[in-house]
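*Asks:* Structure file query_6.tsv (TSV, C-alpha atoms) right here:
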chain	number	residue	atom	x	y	z
A	1	MET	CA	4.22	-25.47	-0.42
A	2	PRO	CA	5.53	-26.56	2.99
A	3	GLU	CA	4.59	-24.39	5.93
A	4	LYS	CA	7.14	-23.32	8.51
A	5	GLU	CA	6.58	-23.00	12.25
A	6	LYS	CA	8.73	-19.90	12.86
A	7	LEU	CA	8.85	-17.05	10.37
A	8	ARG	CA	10.02	-13.42	10.54
A	9	ILE	CA	7.53	-10.69	9.59
A	10	ASP	CA	9.86	-9.17	6.97
A	11	LYS	CA	10.23	-12.51	5.23
A	12	TYR	CA	6.48	-13.17	5.44
A	13	LEU	CA	5.53	-9.80	3.90
A	14	TRP	CA	8.04	-10.40	1.10
A	15	ALA	CA	6.78	-13.97	0.51
A	16	ILE	CA	3.11	-12.91	0.21
A	17	ARG	CA	4.15	-10.18	-2.24
A	18	ILE	CA	3.28	-7.10	-0.19
A	19	PHE	CA	6.84	-5.80	-0.72
A	20	LYS	CA	9.12	-6.39	-3.72
A	21	THR	CA	12.18	-7.15	-1.61
A	22	ARG	CA	12.81	-8.38	1.89
A	23	THR	CA	14.91	-5.26	2.51
A	24	LEU	CA	11.91	-3.03	1.74
A	25	ALA	CA	9.81	-5.09	4.15
A	26	ALA	CA	12.45	-4.77	6.88
A	27	ASP	CA	12.77	-1.01	6.28
A	28	ALA	CA	8.98	-0.64	6.57
A	29	CYS	CA	9.07	-2.44	9.92
A	30	LYS	CA	11.93	-0.25	11.18
A	31	ALA	CA	10.08	2.89	10.06
A	32	GLY	CA	6.95	1.90	11.99
A	33	ARG	CA	4.78	1.17	8.95
A	34	VAL	CA	4.00	-2.39	10.06
A	35	LYS	CA	1.94	-2.70	13.24
A	36	LEU	CA	0.43	-5.43	15.39
A	37	ASP	CA	-2.34	-4.22	17.72
A	38	SER	CA	-1.28	-0.61	17.02
A	39	GLN	CA	2.27	-1.40	18.21
A	40	ASN	CA	5.30	-1.03	15.95
A	41	ILE	CA	7.12	-4.30	15.42
A	42	LYS	CA	10.68	-5.18	14.49
A	43	PRO	CA	11.59	-7.04	11.29
A	44	SER	CA	12.53	-10.07	13.41
A	45	HIS	CA	9.03	-10.34	14.94
A	46	GLU	CA	7.75	-13.91	14.78
A	47	VAL	CA	4.55	-14.28	12.74
A	48	LYS	CA	1.74	-16.47	14.08
A	49	VAL	CA	-1.35	-17.70	12.27
A	50	GLY	CA	-4.40	-15.62	13.22
A	51	GLU	CA	-2.54	-12.37	13.93
A	52	ILE	CA	-3.76	-9.18	12.27
A	53	TYR	CA	-1.21	-6.68	10.94
A	54	GLN	CA	-1.66	-3.11	9.69
A	55	VAL	CA	0.73	-2.38	6.82
A	56	SER	CA	1.26	1.09	5.33
A	57	LYS	CA	2.89	1.26	1.92
A	58	GLY	CA	2.89	4.77	0.51
A	59	PRO	CA	-0.70	6.02	0.37
A	60	ASP	CA	-1.94	2.43	0.62
A	61	ARG	CA	-3.05	1.01	3.98
A	62	LYS	CA	-3.77	-2.70	4.37
A	63	VAL	CA	-5.11	-4.83	7.20
A	64	LEU	CA	-3.92	-8.41	6.80
A	65	LYS	CA	-4.84	-11.51	8.78
A	66	VAL	CA	-2.31	-14.36	8.65
A	67	THR	CA	-3.96	-17.61	7.51
A	68	GLY	CA	-0.78	-19.56	6.82
A	69	LEU	CA	2.99	-19.21	6.94
A	70	LEU	CA	4.92	-19.04	3.72
A	71	GLU	CA	8.72	-19.28	3.73
A	72	ASN	CA	9.52	-18.69	0.06
A	73	ARG	CA	8.08	-16.20	-2.41
A	74	VAL	CA	5.46	-17.71	-4.72
A	75	ASP	CA	3.23	-16.46	-7.53
A	76	ALA	CA	0.45	-13.99	-6.76
A	77	LYS	CA	-2.39	-16.52	-7.09
A	78	THR	CA	-0.79	-18.85	-4.53
A	79	SER	CA	0.24	-16.10	-2.10
A	80	VAL	CA	-3.39	-14.97	-1.64
A	81	GLU	CA	-4.11	-18.26	0.15
A	82	PHE	CA	-1.74	-17.34	3.00
A	83	TYR	CA	-3.43	-14.12	4.15
A	84	GLN	CA	-6.87	-12.56	4.34
A	85	ASP	CA	-7.22	-8.92	3.31
A	86	MET	CA	-9.41	-7.30	5.96
A	87	THR	CA	-8.89	-3.72	4.76
A	88	PRO	CA	-12.07	-1.63	5.17
A	89	VAL	CA	-13.55	-0.48	1.84
A	90	GLU	CA	-12.93	3.17	2.78
A	91	GLN	CA	-9.18	2.53	2.85
A	92	THR	CA	-8.80	0.75	-0.49
A	93	GLN	CA	-7.10	2.57	-3.36
A	94	ALA	CA	-10.11	2.11	-5.68
A	95	PHE	CA	-12.36	3.86	-3.16
A	96	LYS	CA	-9.91	6.72	-2.65
A	97	SER	CA	-9.37	7.29	-6.36
A	98	MET	CA	-13.05	8.13	-6.81
A	99	PHE	CA	-12.59	11.20	-4.60
A	100	GLN	CA	-9.19	12.43	-5.74
A	101	ALA	CA	-8.96	15.43	-7.99
A	102	PRO	CA	-6.96	15.16	-11.18
A	103	ILE	CA	-3.42	16.45	-10.82
A	104	LEU	CA	-2.76	19.32	-13.14
A	105	LYS	CA	0.89	19.33	-14.08
A	106	ARG	CA	2.96	21.33	-16.53
A	107	ASP	CA	6.16	20.09	-18.10
A	108	ARG	CA	9.27	21.53	-16.61
A	109	GLY	CA	10.91	24.26	-18.69
A	110	THR	CA	7.80	25.27	-20.61
A	111	GLY	CA	7.69	28.65	-18.90
A	112	ARG	CA	4.67	30.49	-17.58
A	113	PRO	CA	1.27	29.60	-18.96
A	114	THR	CA	-0.05	31.98	-21.61
A	115	LYS	CA	-3.39	33.65	-21.20
A	116	ARG	CA	-4.92	30.97	-23.44
A	117	ASP	CA	-3.29	28.18	-21.35
A	118	ARG	CA	-4.59	29.79	-18.17
A	119	ARG	CA	-8.17	29.86	-19.52
A	120	GLU	CA	-7.92	26.16	-20.46
A	121	ILE	CA	-6.62	25.27	-17.00
A	122	ASP	CA	-9.39	27.26	-15.32
A	123	GLY	CA	-11.94	25.62	-17.62
A	124	LEU	CA	-10.73	22.16	-16.60
A	125	LYS	CA	-10.95	23.08	-12.93
A	126	ASP	CA	-14.45	24.48	-13.36
A	127	ASP	CA	-15.61	21.36	-15.19
A	128	TYR	CA	-14.29	19.11	-12.46
A	129	PHE	CA	-15.06	21.13	-9.33
A	130	GLY	CA	-17.95	23.23	-10.59
A	131	LYS	CA	-18.10	27.00	-10.77
A	132	GLU	CA	-18.11	28.88	-7.49
Spit out the file's structure as structure tokens when you get a sec.

*Replies:*
Amino acid sequence: MPEKEKLRIDKYLWAIRIFKTRTLAADACKAGRVKLDSQNIKPSHEVKVGEIYQVSKGPDRKVLKVTGLLENRVDAKTSVEFYQDMTPVEQTQAFKSMFQAPILKRDRGTGRPTKRDRREIDGLKDDYFGKE
């Protein structure tokens, strides 16, 4: 894949498959979810090899080092060659999921839980969190 000398950050983040569309990448930049040295950057910011960006996408936080410039979107296996994921282990989704409690959710419109339902819910909570 030919490398380009000048490349916008929104196009780069789209090409390496961090965002599904270039518009989403540009919106993330405008909203301050893409940073370079803790400074918000515009979607038109020029990417340079060796720069380190912090990208927030929902609950996910990534630290990416640019290892190559990629103009067009490619498959996932190829895109990995153009950046280095430097995200600390504490910030990865797999690490976080170990510490998250299960979300207890009831279907809408089912009404209030019965006494039996309430006991089951409390039992689940006690099993997960332990009795106080």

*Asks:* Centre and edge lengths, as AutoDock Vina command-line options, for the axis-aligned box enclosing every listed atom of stretch 15-33 of chain A with 4 Å of padding on each of the six sides, in Å to one decimal?

*Replies:*
--center_x 9.0 --center_y -5.5 --center_z 4.1 --size_x 19.8 --size_y 24.9 --size_z 23.7

*Asks:* From the options A:Val74, A:Leu36, A:Val47, A:Ile121, which residue's atoms come nearest to A:Glu5, counting all atoms listed in the file?

*Replies:*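 Looking at the shortest contact to A:Glu5, the residue is A:Val47.
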
*Asks:* Record the distance separating atom CA of A:Leu64 and atom CA of A:Ala31, expressed in Å with one decimal.

*Replies:*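 That distance, rounded to one decimal, is 18.3 Å.
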
*Asks:* Which one is closest to A:Glu46: A:Thr110, A:Ala28, A:Glu90, A:Leu69? Count all atoms listed in the file.

*Replies:*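 Of the candidates, the smallest distance to A:Glu46 is held by A:Leu69.
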
*Asks:* Have a look at atom CA of A:Arg108 and atom CA of A:Pro59 and let me know their distance in Å, one decimal.

*Replies:*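 Between atom CA of A:Arg108 and atom CA of A:Pro59 the gap is 25.1 Å.
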
*Asks:* Between A:Lys48, A:Arg112, A:Lys57, A:Arg106, which is the closest to A:Leu7 once you count only C-alpha atoms?

*Replies:*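 Looking at the shortest contact to A:Leu7, the residue is A:Lys48.
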
*Asks:* Using all atoms listed in the file, which of A:Leu24, A:Val66, A:Cys29, A:Ile18 sits nearest A:His45?

*Replies:*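 Between A:Leu24, A:Val66, A:Cys29, A:Ile18, the residue approaching A:His45 most closely is A:Cys29.
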
*Asks:* Atom CA of A:Thr87 to atom CA of A:Lys20: how many Å, to one decimal?

*Replies:* 20.1 Å

*Asks:* Excluding A:Val63 and residues on its chain fewer than 3 positions from it, collect all residues at most 10 Å away from it, counting all atoms listed in the file, and give them as an MDAnalysis selection string.

*Replies:* chainID A and resid 34:36 52:56 83:88 91
